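Just input.cif here, mmCIF, C-alpha atoms:
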data_upload
#
loop_
_atom_site.group_PDB
_atom_site.id
_atom_site.type_symbol
_atom_site.label_atom_id
_atom_site.label_comp_id
_atom_site.auth_asym_id
_atom_site.auth_seq_id
_atom_site.Cartn_x
_atom_site.Cartn_y
_atom_site.Cartn_z
ATOM 1 C CA MET U 99 -13.318 -6.264 -10.094
ATOM 2 C CA GLU U 100 -14.796 -2.846 -10.815
ATOM 3 C CA SER U 101 -14.275 0.246 -8.681
ATOM 4 C CA ARG U 102 -17.504 1.509 -7.119
ATOM 5 C CA ILE U 103 -18.756 3.605 -4.231
ATOM 6 C CA LEU U 104 -18.253 1.624 -1.018
ATOM 7 C CA ILE U 105 -19.375 4.253 1.499
ATOM 8 C CA ASP U 106 -21.720 7.134 0.682
ATOM 9 C CA GLU U 107 -22.597 8.947 3.885
ATOM 10 C CA PRO U 108 -22.916 12.636 4.766
ATOM 11 C CA GLY U 109 -19.438 14.101 4.825
ATOM 12 C CA PHE U 110 -17.655 10.831 3.993
ATOM 13 C CA VAL U 111 -17.392 8.946 0.684
ATOM 14 C CA ALA U 112 -15.101 6.031 -0.157
ATOM 15 C CA SER U 113 -14.720 4.336 -3.517
ATOM 16 C CA GLY U 114 -12.758 1.239 -4.446
ATOM 17 C CA ARG U 115 -13.024 -2.491 -5.002
ATOM 18 C CA LEU U 116 -14.648 -4.948 -2.621
ATOM 19 C CA HIS U 117 -15.213 -8.692 -2.343
ATOM 20 C CA VAL U 118 -16.991 -10.233 0.649
ATOM 21 C CA PRO U 119 -16.239 -13.964 1.086
ATOM 22 C CA GLN U 120 -19.100 -16.352 0.448
ATOM 23 C CA GLY U 121 -20.299 -18.897 2.985
ATOM 24 C CA GLY U 122 -21.903 -18.781 6.376
ATOM 25 C CA ALA U 123 -20.766 -16.728 9.296
ATOM 26 C CA GLY U 124 -17.694 -18.101 11.002
ATOM 27 C CA GLU U 125 -16.830 -20.679 8.315
ATOM 28 C CA ALA U 126 -13.667 -19.538 6.509
ATOM 29 C CA ARG U 127 -11.831 -17.301 8.934
ATOM 30 C CA HIS U 128 -9.277 -15.872 6.519
ATOM 31 C CA PRO U 129 -8.070 -12.280 6.836
ATOM 32 C CA LEU U 130 -9.549 -9.255 5.145
ATOM 33 C CA ILE U 131 -6.941 -7.745 2.818
ATOM 34 C CA VAL U 132 -7.161 -3.942 2.676
ATOM 35 C CA ALA U 133 -4.913 -2.646 -0.112
ATOM 36 C CA ILE U 134 -3.606 0.944 0.102
ATOM 37 C CA HIS U 135 -2.188 2.337 -3.149
ATOM 38 C CA GLY U 136 0.609 4.840 -3.578
ATOM 39 C CA GLY U 137 0.847 8.178 -5.345
ATOM 40 C CA GLY U 138 -0.223 8.501 -8.958
ATOM 41 C CA PHE U 139 -2.631 5.544 -8.819
ATOM 42 C CA THR U 140 -6.011 4.439 -7.505
ATOM 43 C CA SER U 141 -6.984 1.003 -6.206
ATOM 44 C CA GLU U 142 -6.528 -0.168 -9.807
ATOM 45 C CA TYR U 143 -2.830 -0.504 -8.940
ATOM 46 C CA PHE U 144 -3.706 -3.762 -7.168
ATOM 47 C CA ASP U 145 -6.131 -5.001 -9.830
ATOM 48 C CA ILE U 146 -4.434 -4.896 -13.246
ATOM 49 C CA ALA U 147 -5.226 -8.050 -15.215
ATOM 50 C CA GLY U 148 -2.478 -10.637 -14.851
ATOM 51 C CA TYR U 149 -0.935 -8.740 -11.933
ATOM 52 C CA SER U 150 -3.903 -8.480 -9.567
ATOM 53 C CA LEU U 151 -3.120 -8.949 -5.888
ATOM 54 C CA LEU U 152 -6.862 -8.631 -5.249
ATOM 55 C CA ASP U 153 -7.727 -11.564 -7.539
ATOM 56 C CA ARG U 154 -4.984 -13.666 -5.959
ATOM 57 C CA ALA U 155 -6.269 -12.811 -2.483
ATOM 58 C CA VAL U 156 -9.803 -13.868 -3.446
ATOM 59 C CA GLU U 157 -8.422 -17.155 -4.818
ATOM 60 C CA ARG U 158 -6.878 -17.771 -1.384
ATOM 61 C CA GLY U 159 -10.266 -17.252 0.306
ATOM 62 C CA CYS U 160 -9.655 -13.747 1.666
ATOM 63 C CA GLY U 161 -12.047 -10.838 1.834
ATOM 64 C CA VAL U 162 -10.770 -7.885 -0.149
ATOM 65 C CA ILE U 163 -11.025 -4.107 -0.039
ATOM 66 C CA GLY U 164 -8.992 -2.062 -2.508
ATOM 67 C CA LEU U 165 -9.444 1.498 -1.266
ATOM 68 C CA ASP U 166 -9.205 4.586 -3.435
ATOM 69 C CA ARG U 167 -7.427 6.824 -0.951
ATOM 70 C CA MET U 168 -8.832 10.210 0.030
ATOM 71 C CA GLY U 169 -8.674 12.546 -2.987
ATOM 72 C CA HIS U 170 -8.509 9.616 -5.424
ATOM 73 C CA GLY U 171 -11.420 8.119 -7.339
ATOM 74 C CA GLY U 172 -14.594 9.181 -5.548
ATOM 75 C CA SER U 173 -13.103 9.209 -2.054
ATOM 76 C CA ARG U 174 -13.350 12.343 0.052
ATOM 77 C CA ALA U 175 -14.152 13.590 3.553
ATOM 78 C CA ASP U 176 -15.484 16.912 4.753
ATOM 79 C CA GLY U 177 -12.963 18.881 6.764
ATOM 80 C CA ARG U 178 -9.943 17.165 5.178
ATOM 81 C CA ALA U 179 -9.294 19.318 2.147
ATOM 82 C CA ASP U 180 -5.544 18.777 1.887
ATOM 83 C CA GLN U 181 -3.653 15.588 1.076
ATOM 84 C CA SER U 182 -1.425 15.505 4.162
ATOM 85 C CA LEU U 183 -0.271 12.108 5.381
ATOM 86 C CA ALA U 184 -2.010 12.804 8.694
ATOM 87 C CA ASN U 185 -5.343 13.354 6.911
ATOM 88 C CA ASN U 186 -4.760 10.266 4.768
ATOM 89 C CA ARG U 187 -4.047 8.137 7.823
ATOM 90 C CA ALA U 188 -7.169 9.368 9.636
ATOM 91 C CA TRP U 189 -9.289 8.804 6.520
ATOM 92 C CA ILE U 190 -8.067 5.203 6.103
ATOM 93 C CA ILE U 191 -8.762 4.407 9.755
ATOM 94 C CA GLU U 192 -12.283 5.791 9.460
ATOM 95 C CA ALA U 193 -12.988 4.062 6.126
ATOM 96 C CA VAL U 194 -11.967 0.621 7.418
ATOM 97 C CA ASP U 195 -13.891 1.228 10.643
ATOM 98 C CA ARG U 196 -17.046 1.821 8.572
ATOM 99 C CA LEU U 197 -16.415 -1.151 6.248
ATOM 100 C CA TRP U 198 -15.276 -3.781 8.775
ATOM 101 C CA PRO U 199 -18.817 -4.728 9.967
ATOM 102 C CA ARG U 200 -19.502 -6.179 6.493
ATOM 103 C CA PHE U 201 -16.662 -8.667 7.072
ATOM 104 C CA ALA U 202 -16.579 -9.182 10.842
ATOM 105 C CA ASP U 203 -18.450 -12.507 10.854
ATOM 106 C CA ARG U 204 -16.404 -13.984 7.984
ATOM 107 C CA CYS U 205 -12.835 -12.655 8.403
ATOM 108 C CA SER U 206 -10.265 -13.182 11.134
ATOM 109 C CA GLY U 207 -8.959 -9.632 11.144
ATOM 110 C CA VAL U 208 -7.493 -6.975 8.839
ATOM 111 C CA VAL U 209 -4.136 -7.114 7.066
ATOM 112 C CA LEU U 210 -3.087 -3.887 5.377
ATOM 113 C CA VAL U 211 -1.111 -4.245 2.148
ATOM 114 C CA GLY U 212 0.460 -0.943 1.158
ATOM 115 C CA HIS U 213 2.652 0.242 -1.684
ATOM 116 C CA SER U 214 4.881 3.353 -1.680
ATOM 117 C CA ILE U 215 2.959 6.232 -0.037
ATOM 118 C CA GLY U 216 0.338 3.599 0.805
ATOM 119 C CA ALA U 217 3.063 1.585 2.522
ATOM 120 C CA ALA U 218 4.094 4.531 4.671
ATOM 121 C CA LEU U 219 0.450 5.183 5.546
ATOM 122 C CA SER U 220 -0.092 1.515 6.451
ATOM 123 C CA VAL U 221 2.755 1.632 8.967
ATOM 124 C CA MET U 222 1.456 4.951 10.313
ATOM 125 C CA VAL U 223 -1.982 3.357 10.795
ATOM 126 C CA ALA U 224 -0.371 0.422 12.626
ATOM 127 C CA ALA U 225 1.434 2.868 14.916
ATOM 128 C CA ASP U 226 -1.936 4.504 15.661
ATOM 129 C CA ALA U 227 -3.596 1.304 17.012
ATOM 130 C CA PRO U 228 -7.014 1.512 15.272
ATOM 131 C CA ASP U 229 -10.151 0.163 16.932
ATOM 132 C CA TRP U 230 -10.752 -2.450 14.229
ATOM 133 C CA PRO U 231 -8.782 -5.739 14.461
ATOM 134 C CA LEU U 232 -5.520 -5.078 12.626
ATOM 135 C CA THR U 233 -3.450 -8.286 12.580
ATOM 136 C CA GLY U 234 -0.584 -7.453 10.206
ATOM 137 C CA VAL U 235 0.933 -5.075 7.665
ATOM 138 C CA ALA U 236 2.652 -6.030 4.381
ATOM 139 C CA ILE U 237 4.434 -3.180 2.612
ATOM 140 C CA SER U 238 6.689 -2.424 -0.329
ATOM 141 C CA GLY U 239 8.143 0.668 -1.950
ATOM 142 C CA ALA U 240 8.794 2.757 1.177
ATOM 143 C CA ALA U 241 12.019 2.648 3.194
ATOM 144 C CA LEU U 242 13.919 4.721 5.732
ATOM 145 C CA ALA U 243 16.041 6.986 3.530
ATOM 146 C CA PRO U 244 15.248 8.529 0.126
ATOM 147 C CA ASN U 245 17.595 8.166 -2.813
ATOM 148 C CA PRO U 246 19.900 11.224 -2.507
ATOM 149 C CA ALA U 247 19.956 11.508 -6.300
ATOM 150 C CA LEU U 248 16.336 12.734 -6.124
ATOM 151 C CA GLU U 249 16.916 15.408 -3.484
ATOM 152 C CA ALA U 250 16.964 18.303 -5.951
ATOM 153 C CA TYR U 251 13.740 17.126 -7.581
ATOM 154 C CA PHE U 252 11.804 16.807 -4.332
ATOM 155 C CA SER U 253 13.094 20.112 -2.989
ATOM 156 C CA GLN U 254 11.528 21.972 -5.944
ATOM 157 C CA LEU U 255 8.073 20.461 -6.296
ATOM 158 C CA PRO U 256 5.541 22.567 -8.230
ATOM 159 C CA THR U 257 2.915 24.557 -6.379
ATOM 160 C CA ASP U 258 0.093 22.849 -8.286
ATOM 161 C CA PRO U 259 -1.740 20.480 -5.920
ATOM 162 C CA TRP U 260 -1.749 17.646 -8.479
ATOM 163 C CA MET U 261 1.099 16.770 -10.860
ATOM 164 C CA GLU U 262 0.697 15.032 -14.202
ATOM 165 C CA SER U 263 3.842 13.371 -15.557
ATOM 166 C CA PRO U 264 4.535 11.636 -18.880
ATOM 167 C CA ALA U 265 4.124 7.871 -18.709
ATOM 168 C CA GLU U 266 7.712 7.296 -19.753
ATOM 169 C CA GLY U 267 8.970 9.277 -16.780
ATOM 170 C CA LYS U 268 6.781 7.313 -14.388
ATOM 171 C CA ASP U 269 7.996 4.078 -15.968
ATOM 172 C CA ARG U 270 11.573 4.961 -15.035
ATOM 173 C CA LEU U 271 10.557 5.360 -11.394
ATOM 174 C CA MET U 272 8.152 2.404 -11.190
ATOM 175 C CA LEU U 273 10.119 -0.273 -13.030
ATOM 176 C CA GLY U 274 13.545 -1.833 -12.925
ATOM 177 C CA LEU U 275 15.863 -2.807 -15.706
ATOM 178 C CA ALA U 276 14.579 -4.133 -19.012
ATOM 179 C CA GLY U 277 14.158 -7.891 -18.740
ATOM 180 C CA THR U 278 12.767 -7.749 -15.204
ATOM 181 C CA PHE U 279 9.241 -7.137 -16.514
ATOM 182 C CA ASP U 280 7.146 -8.098 -19.533
ATOM 183 C CA PRO U 281 6.890 -5.089 -21.907
ATOM 184 C CA ALA U 282 3.293 -6.127 -22.659
ATOM 185 C CA MET U 283 2.269 -4.882 -19.219
ATOM 186 C CA LEU U 284 3.196 -1.278 -20.039
ATOM 187 C CA ASP U 285 -0.091 -0.438 -21.793
ATOM 188 C CA PRO U 286 -2.355 -1.539 -18.904
ATOM 189 C CA LEU U 287 0.018 0.099 -16.422
ATOM 190 C CA HIS U 288 -0.123 3.389 -18.335
ATOM 191 C CA ARG U 289 -3.928 3.297 -18.290
ATOM 192 C CA ALA U 290 -3.768 3.029 -14.490
ATOM 193 C CA TYR U 291 -1.558 6.112 -14.063
ATOM 194 C CA ARG U 292 -3.197 9.137 -12.416
ATOM 195 C CA PRO U 293 -1.940 12.570 -11.285
ATOM 196 C CA VAL U 294 0.028 12.547 -8.055
ATOM 197 C CA SER U 295 -0.462 14.868 -5.084
ATOM 198 C CA SER U 296 2.391 17.350 -4.673
ATOM 199 C CA GLN U 297 1.746 17.501 -0.937
ATOM 200 C CA GLU U 298 1.976 13.730 -0.567
ATOM 201 C CA LEU U 299 5.242 13.675 -2.516
ATOM 202 C CA GLY U 300 6.681 16.381 -0.309
ATOM 203 C CA GLU U 301 5.598 14.690 2.906
ATOM 204 C CA ILE U 302 6.783 11.192 1.980
ATOM 205 C CA TYR U 303 10.301 12.678 1.953
ATOM 206 C CA SER U 304 9.835 14.787 5.077
ATOM 207 C CA VAL U 305 7.069 13.688 7.465
ATOM 208 C CA TRP U 306 7.583 9.997 6.689
ATOM 209 C CA THR U 307 11.371 9.900 6.635
ATOM 210 C CA ASP U 308 11.599 12.027 9.793
ATOM 211 C CA GLY U 309 9.294 9.655 11.684
ATOM 212 C CA ALA U 310 9.685 6.316 9.909
ATOM 213 C CA ALA U 311 11.838 4.646 12.554
ATOM 214 C CA ALA U 312 9.404 5.653 15.298
ATOM 215 C CA PHE U 313 6.390 4.518 13.259
ATOM 216 C CA PHE U 314 7.938 1.088 12.659
ATOM 217 C CA ALA U 315 8.919 0.737 16.305
ATOM 218 C CA ALA U 316 5.441 1.717 17.532
ATOM 219 C CA ALA U 317 3.580 -0.936 15.536
ATOM 220 C CA LYS U 318 2.171 -3.759 17.656
ATOM 221 C CA VAL U 319 1.471 -6.181 14.787
ATOM 222 C CA PRO U 320 3.865 -8.107 12.517
ATOM 223 C CA ILE U 321 5.253 -6.207 9.537
ATOM 224 C CA HIS U 322 6.265 -7.816 6.240
ATOM 225 C CA PHE U 323 8.725 -5.348 4.639
ATOM 226 C CA ARG U 324 9.958 -5.818 1.080
ATOM 227 C CA ILE U 325 11.856 -3.455 -1.217
ATOM 228 C CA GLY U 326 12.915 -3.999 -4.844
ATOM 229 C CA GLU U 327 16.668 -4.146 -5.313
ATOM 230 C CA GLN U 328 16.375 -1.601 -8.156
ATOM 231 C CA ASP U 329 13.965 0.757 -6.372
ATOM 232 C CA ALA U 330 14.998 4.179 -7.656
ATOM 233 C CA LEU U 331 13.214 6.175 -4.942
ATOM 234 C CA TRP U 332 14.946 4.816 -1.830
ATOM 235 C CA VAL U 333 18.331 3.771 -0.517
ATOM 236 C CA VAL U 334 18.338 0.009 -0.979
ATOM 237 C CA ASP U 335 21.203 -1.981 0.501
ATOM 238 C CA ASP U 336 21.728 -4.681 3.097
ATOM 239 C CA ALA U 337 22.389 -2.144 5.869
ATOM 240 C CA SER U 338 19.146 -0.220 5.289
ATOM 241 C CA VAL U 339 17.084 -3.407 5.237
ATOM 242 C CA ARG U 340 18.791 -4.682 8.402
ATOM 243 C CA ALA U 341 17.880 -1.375 10.045
ATOM 244 C CA VAL U 342 14.192 -1.913 9.278
ATOM 245 C CA GLY U 343 14.482 -5.516 10.434
ATOM 246 C CA ALA U 344 15.873 -4.368 13.767
ATOM 247 C CA LEU U 345 12.994 -1.930 14.271
ATOM 248 C CA ILE U 346 10.337 -4.618 13.725
ATOM 249 C CA SER U 347 12.140 -7.582 15.265
ATOM 250 C CA GLY U 348 10.185 -7.394 18.516
ATOM 251 C CA ILE U 349 7.004 -8.742 16.885
ATOM 252 C CA ASP U 350 6.958 -12.416 15.918
ATOM 253 C CA GLY U 351 6.292 -12.950 12.240
ATOM 254 C CA SER U 352 7.951 -9.726 11.092
ATOM 255 C CA SER U 353 10.602 -9.797 8.368
ATOM 256 C CA ALA U 354 12.514 -7.452 6.077
ATOM 257 C CA ALA U 355 14.104 -8.384 2.755
ATOM 258 C CA ILE U 356 15.156 -7.180 -0.689
ATOM 259 C CA VAL U 357 13.308 -8.600 -3.715
ATOM 260 C CA PRO U 358 15.849 -9.352 -6.463
ATOM 261 C CA GLY U 359 15.084 -8.379 -10.037
ATOM 262 C CA ALA U 360 12.468 -5.738 -9.222
ATOM 263 C CA GLY U 361 12.111 -1.974 -9.116
ATOM 264 C CA HIS U 362 9.812 0.259 -7.098
ATOM 265 C CA ALA U 363 6.557 -1.392 -8.226
ATOM 266 C CA ILE U 364 7.468 -5.025 -7.514
ATOM 267 C CA ASP U 365 3.915 -6.128 -8.368
ATOM 268 C CA PHE U 366 4.473 -5.665 -12.124
ATOM 269 C CA HIS U 367 7.804 -7.439 -12.457
ATOM 270 C CA ARG U 368 8.476 -11.058 -13.307
ATOM 271 C CA ALA U 369 9.003 -11.485 -9.561
ATOM 272 C CA GLY U 370 5.486 -10.152 -8.906
ATOM 273 C CA ALA U 371 3.560 -13.424 -8.669
ATOM 274 C CA ASP U 372 5.991 -14.866 -6.109
ATOM 275 C CA PHE U 373 5.965 -11.538 -4.260
ATOM 276 C CA HIS U 374 2.155 -11.635 -3.994
ATOM 277 C CA ARG U 375 2.283 -15.253 -2.846
ATOM 278 C CA ASP U 376 4.754 -14.239 -0.151
ATOM 279 C CA GLN U 377 2.527 -11.364 0.998
ATOM 280 C CA LEU U 378 -0.582 -13.565 1.121
ATOM 281 C CA ASP U 379 1.275 -16.356 2.956
ATOM 282 C CA PHE U 380 2.212 -13.728 5.526
ATOM 283 C CA ALA U 381 -1.372 -12.441 5.755
ATOM 284 C CA LEU U 382 -2.810 -15.933 6.232
ATOM 285 C CA GLY U 383 -0.252 -16.566 8.964
ATOM 286 C CA CYS U 384 -1.161 -13.517 11.020
ATOM 287 C CA ALA U 385 -2.823 -14.496 14.268
ATOM 288 C CA PRO U 386 -6.591 -13.931 14.231
ATOM 289 C CA ILE U 387 -8.159 -11.546 16.695
#
Is it possible to express this structure as structure tokens?
Amino acid sequence: MESRILIDEPGFVASGRLHVPQGGAGEARHPLIVAIHGGGFTSEYFDIAGYSLLDRAVERGCGVIGLDRMGHGGSRADGRADQSLANNRAWIIEAVDRLWPRFADRCSGVVLVGHSIGAALSVMVAADAPDWPLTGVAISGAALAPNPALEAYFSQLPTDPWMESPAEGKDRLMLGLAGTFDPAMLDPLHRAYRPVSSQELGEIYSVWTDGAAAFFAAAKVPIHFRIGEQDALWVVDDASVRAVGALISGIDGSSAAIVPGAGHAIDFHRAGADFHRDQLDFALGCAPI
């Protein structure tokens, strides 16, 4: 589905991808999937042909919103000039609040699906208890502790607000070992790459990691946490995943697990289709509001 302007109001614009379920009011009460992309992408992350979570969600009868986060695509908001995680979180809450009335009579509630920085933001939104009916959060690519091998890199980020990196360098961070993904997907993935916010990169390894445990613990909805076993950006081991599991264990339906044979961007690996099925099974199982 094409990206377009979803909200165009004074002081607030949101772009992205949207599908409203067909049928009469109250018929198919499936969830509304709101997909929140990470750094260096737009909502296209979730809509690359052959790897589209959004298409798979529509096939399951869900409503879909793939948001271009603030500062990405056409999305912006007056008074929020910087790309802080706090501004991102507030922008997402406001965008969904404005969009939810289009879905309220057809969808059972909202399930956020977030990747990487979008995953951290999804948990932060859940900890903030928005007014719209959030029923669950499914995340990947954000954990409790960053890979210590990247400490030097993230301690010396450039002062430019937006960073452009060669595709090959991004590939090393996004993907796992050769054989875990189809090389044919590299061209469409490269076309989806965008500059990444330096501020977001800095804060994902400071604001997020400092508060991650508290954000997880504060959420009042089930959380579906998955991390690729070859994720190069985070510490990935049984102990770290058990730690997340303990933080979210108080909410029925929550789970934490490692996805074998996948790197940071699980969606584009051979495990991606099963991973999406798992996320959508979770979303469809979240209790309606």
ask   = Looking at U:Asp195, U:Glu262, U:Asp379, U:Asp365, which one is nearest to Ala155 (chain U), with distances taken over only C-alpha atoms?
value = U:Asp379
Please provide as a PDB file with C-alpha atoms, keeping the file's coordinate frame all residues within 12 Å of region 337-341 of chain U, with the sequence filter that same-chain residues fewer than 6 positions apart are discarded (counting all atoms listed in the file).
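File produced: selection.pdb:
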ATOM      1  CA  SER U 238       6.689  -2.424  -0.329  1.00  0.00           C
ATOM      2  CA  ALA U 240       8.794   2.757   1.177  1.00  0.00           C
ATOM      3  CA  ALA U 241      12.019   2.648   3.194  1.00  0.00           C
ATOM      4  CA  LEU U 242      13.919   4.721   5.732  1.00  0.00           C
ATOM      5  CA  ALA U 243      16.041   6.986   3.530  1.00  0.00           C
ATOM      6  CA  PRO U 244      15.248   8.529   0.126  1.00  0.00           C
ATOM      7  CA  ASN U 245      17.595   8.166  -2.813  1.00  0.00           C
ATOM      8  CA  ALA U 310       9.685   6.316   9.909  1.00  0.00           C
ATOM      9  CA  ALA U 311      11.838   4.646  12.554  1.00  0.00           C
ATOM     10  CA  PHE U 314       7.938   1.088  12.659  1.00  0.00           C
ATOM     11  CA  ALA U 315       8.919   0.737  16.305  1.00  0.00           C
ATOM     12  CA  HIS U 322       6.265  -7.816   6.240  1.00  0.00           C
ATOM     13  CA  PHE U 323       8.725  -5.348   4.639  1.00  0.00           C
ATOM     14  CA  ARG U 324       9.958  -5.818   1.080  1.00  0.00           C
ATOM     15  CA  ILE U 325      11.856  -3.455  -1.217  1.00  0.00           C
ATOM     16  CA  GLY U 326      12.915  -3.999  -4.844  1.00  0.00           C
ATOM     17  CA  GLU U 327      16.668  -4.146  -5.313  1.00  0.00           C
ATOM     18  CA  SER U 347      12.140  -7.582  15.265  1.00  0.00           C
ATOM     19  CA  SER U 353      10.602  -9.797   8.368  1.00  0.00           C
ATOM     20  CA  ALA U 354      12.514  -7.452   6.077  1.00  0.00           C
ATOM     21  CA  ALA U 355      14.104  -8.384   2.755  1.00  0.00           C
ATOM     22  CA  ILE U 356      15.156  -7.180  -0.689  1.00  0.00           C
ATOM     23  CA  VAL U 357      13.308  -8.600  -3.715  1.00  0.00           C
TER      24      VAL U 357
END
query = Rounded to one decimal in Å, what is the spacing between CA of Ile215 (chain U) and CA of Gly109 (chain U)?
reply = 24.2 Å
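In this model, the gap between CA of Arg292 (chain U) and CA of His213 (chain U) comes to 15.1 Å.
The interatomic distance for the pair CA of Gly164 (chain U) and CA of Glu142 (chain U) works out to 7.9 Å.
Using all atoms listed in the file, every residue with an atom at most 9 Å from the point (-18.3, 3.9, -4.2) is listed here: Ser101, Arg102, Ile103, Leu104, Ile105, Asp106, Val111, Ala112, Ser113, Gly114, Arg115, Gly171, Gly172 and Ser173 of chain U.
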Neighbour residues at most 8 Å from (-10.8, 6.3, 3.3) (all atoms listed in the file) as a ChimeraX atom specification = /U:111-112,165-168,173-174,186,188-194
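Distances here use only C-alpha atoms; by that measure, the residue among U:Arg196, U:His362, U:Arg127, U:His170 closest to Glu107 (chain U) is U:Arg196.
Comparing U:Ala385, U:Met99, U:His135, U:Ser352 by their smallest distance to Ser150 (chain U), the closest is U:Met99 (using all atoms listed in the file).
Restricting the calculation to only C-alpha atoms, the smallest distance between Leu287 (chain U) and any of U:Asp229, U:Asp153, U:Asp269, U:Glu301 is found for U:Asp269.
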message = Considering only C-alpha atoms, can you say which of U:Val342, U:Val211, U:Leu255, U:Ala330 comes closest to Met272 (chain U)?
response = U:Ala330
request  = Give me the result of the PyMOL selection byres ((chain U and resi 137) around 9) on this file, residue by residue, as a count of residues only.
outcome  = 15
query = Any chance you could work out the residue set of the PyMOL selection byres ((chain U and resi 221) around 8) here, as a PyMOL selection string?
reply = chain U and resi 217-220+222-225+235+313-314+317
Okay, now the selection with C-alpha atoms, as a CSV table (one decimal), in the coordinates of the input?
chain,number,residue,atom,x,y,z
U,217,ALA,CA,3.1,1.6,2.5
U,218,ALA,CA,4.1,4.5,4.7
U,219,LEU,CA,0.4,5.2,5.5
U,220,SER,CA,-0.1,1.5,6.5
U,222,MET,CA,1.5,5.0,10.3
U,223,VAL,CA,-2.0,3.4,10.8
U,224,ALA,CA,-0.4,0.4,12.6
U,225,ALA,CA,1.4,2.9,14.9
U,235,VAL,CA,0.9,-5.1,7.7
U,313,PHE,CA,6.4,4.5,13.3
U,314,PHE,CA,7.9,1.1,12.7
U,317,ALA,CA,3.6,-0.9,15.5
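With distances restricted to only C-alpha atoms, U:Gln297 is the closest residue to Asn185 (chain U) from U:Gly370, U:Arg204, U:Gln297, U:Phe252.
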message = So that I can check the surroundings of region 156-161 of chain U, please list as a ChimeraX atom specification every protein, DNA and RNA residue that reaches within 9 Å of it, counting only C-alpha atoms and ignoring chain neighbours fewer than 3 positions away.
response = /U:116-120,126-132,151-153,201,204-205,378,382
May I have the selected residues written with C-alpha atoms, as a PDB file, keeping the file's coordinate frame?
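Saved the output as result-v7.pdb:
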ATOM      1  CA  LEU U 116     -14.648  -4.948  -2.621  1.00  0.00           C
ATOM      2  CA  HIS U 117     -15.213  -8.692  -2.343  1.00  0.00           C
ATOM      3  CA  VAL U 118     -16.991 -10.233   0.649  1.00  0.00           C
ATOM      4  CA  PRO U 119     -16.239 -13.964   1.086  1.00  0.00           C
ATOM      5  CA  GLN U 120     -19.100 -16.352   0.448  1.00  0.00           C
ATOM      6  CA  ALA U 126     -13.667 -19.538   6.509  1.00  0.00           C
ATOM      7  CA  ARG U 127     -11.831 -17.301   8.934  1.00  0.00           C
ATOM      8  CA  HIS U 128      -9.277 -15.872   6.519  1.00  0.00           C
ATOM      9  CA  PRO U 129      -8.070 -12.280   6.836  1.00  0.00           C
ATOM     10  CA  LEU U 130      -9.549  -9.255   5.145  1.00  0.00           C
ATOM     11  CA  ILE U 131      -6.941  -7.745   2.818  1.00  0.00           C
ATOM     12  CA  VAL U 132      -7.161  -3.942   2.676  1.00  0.00           C
ATOM     13  CA  LEU U 151      -3.120  -8.949  -5.888  1.00  0.00           C
ATOM     14  CA  LEU U 152      -6.862  -8.631  -5.249  1.00  0.00           C
ATOM     15  CA  ASP U 153      -7.727 -11.564  -7.539  1.00  0.00           C
ATOM     16  CA  PHE U 201     -16.662  -8.667   7.072  1.00  0.00           C
ATOM     17  CA  ARG U 204     -16.404 -13.984   7.984  1.00  0.00           C
ATOM     18  CA  CYS U 205     -12.835 -12.655   8.403  1.00  0.00           C
ATOM     19  CA  LEU U 378      -0.582 -13.565   1.121  1.00  0.00           C
ATOM     20  CA  LEU U 382      -2.810 -15.933   6.232  1.00  0.00           C
TER      21      LEU U 382
END
inquiry  = What's around Pro246 (chain U) at 12 Å? Count only C-alpha atoms, leave out sequence neighbours fewer than 4 positions away in its own chain, and write the answer as number ranges by chain.
reply    = U: 250-253, 303, 330-334
inquiry  = I want to know what sits within 9 Å of His288 (chain U), based on all atoms listed in the file, with residues of the same chain fewer than 6 positions away left out; could you give that as a PyMOL selection string?
reply    = chain U and resi 265-266+268-269
Some atoms are missing, so please complete region 288-296 of chain U with N, CA and C atoms and return it as a JSON list (two decimals), keeping the file's coordinate frame.
[["chain", "number", "residue", "atom", "x", "y", "z"],
["U", 288, "HIS", "N", 0.06, 1.99, -17.96],
["U", 288, "HIS", "CA", -0.12, 3.39, -18.34],
["U", 288, "HIS", "C", -1.57, 3.82, -18.16],
["U", 289, "ARG", "N", -2.52, 2.94, -18.45],
["U", 289, "ARG", "CA", -3.93, 3.30, -18.29],
["U", 289, "ARG", "C", -4.30, 3.49, -16.82],
["U", 290, "ALA", "N", -3.50, 2.91, -15.93],
["U", 290, "ALA", "CA", -3.77, 3.03, -14.49],
["U", 290, "ALA", "C", -3.13, 4.27, -13.88],
["U", 291, "TYR", "N", -2.22, 4.94, -14.60],
["U", 291, "TYR", "CA", -1.56, 6.11, -14.06],
["U", 291, "TYR", "C", -2.56, 7.25, -13.85],
["U", 292, "ARG", "N", -2.38, 7.97, -12.74],
["U", 292, "ARG", "CA", -3.20, 9.14, -12.42],
["U", 292, "ARG", "C", -2.28, 10.26, -11.93],
["U", 293, "PRO", "N", -2.76, 11.49, -11.87],
["U", 293, "PRO", "CA", -1.94, 12.57, -11.28],
["U", 293, "PRO", "C", -1.56, 12.24, -9.84],
["U", 294, "VAL", "N", -0.46, 12.80, -9.40],
["U", 294, "VAL", "CA", 0.03, 12.55, -8.06],
["U", 294, "VAL", "C", -0.05, 13.84, -7.25],
["U", 295, "SER", "N", -0.36, 13.72, -5.98],
["U", 295, "SER", "CA", -0.46, 14.87, -5.08],
["U", 295, "SER", "C", 0.92, 15.42, -4.76],
["U", 296, "SER", "N", 1.11, 16.71, -5.02],
["U", 296, "SER", "CA", 2.39, 17.35, -4.67],
["U", 296, "SER", "C", 2.63, 17.32, -3.17]]
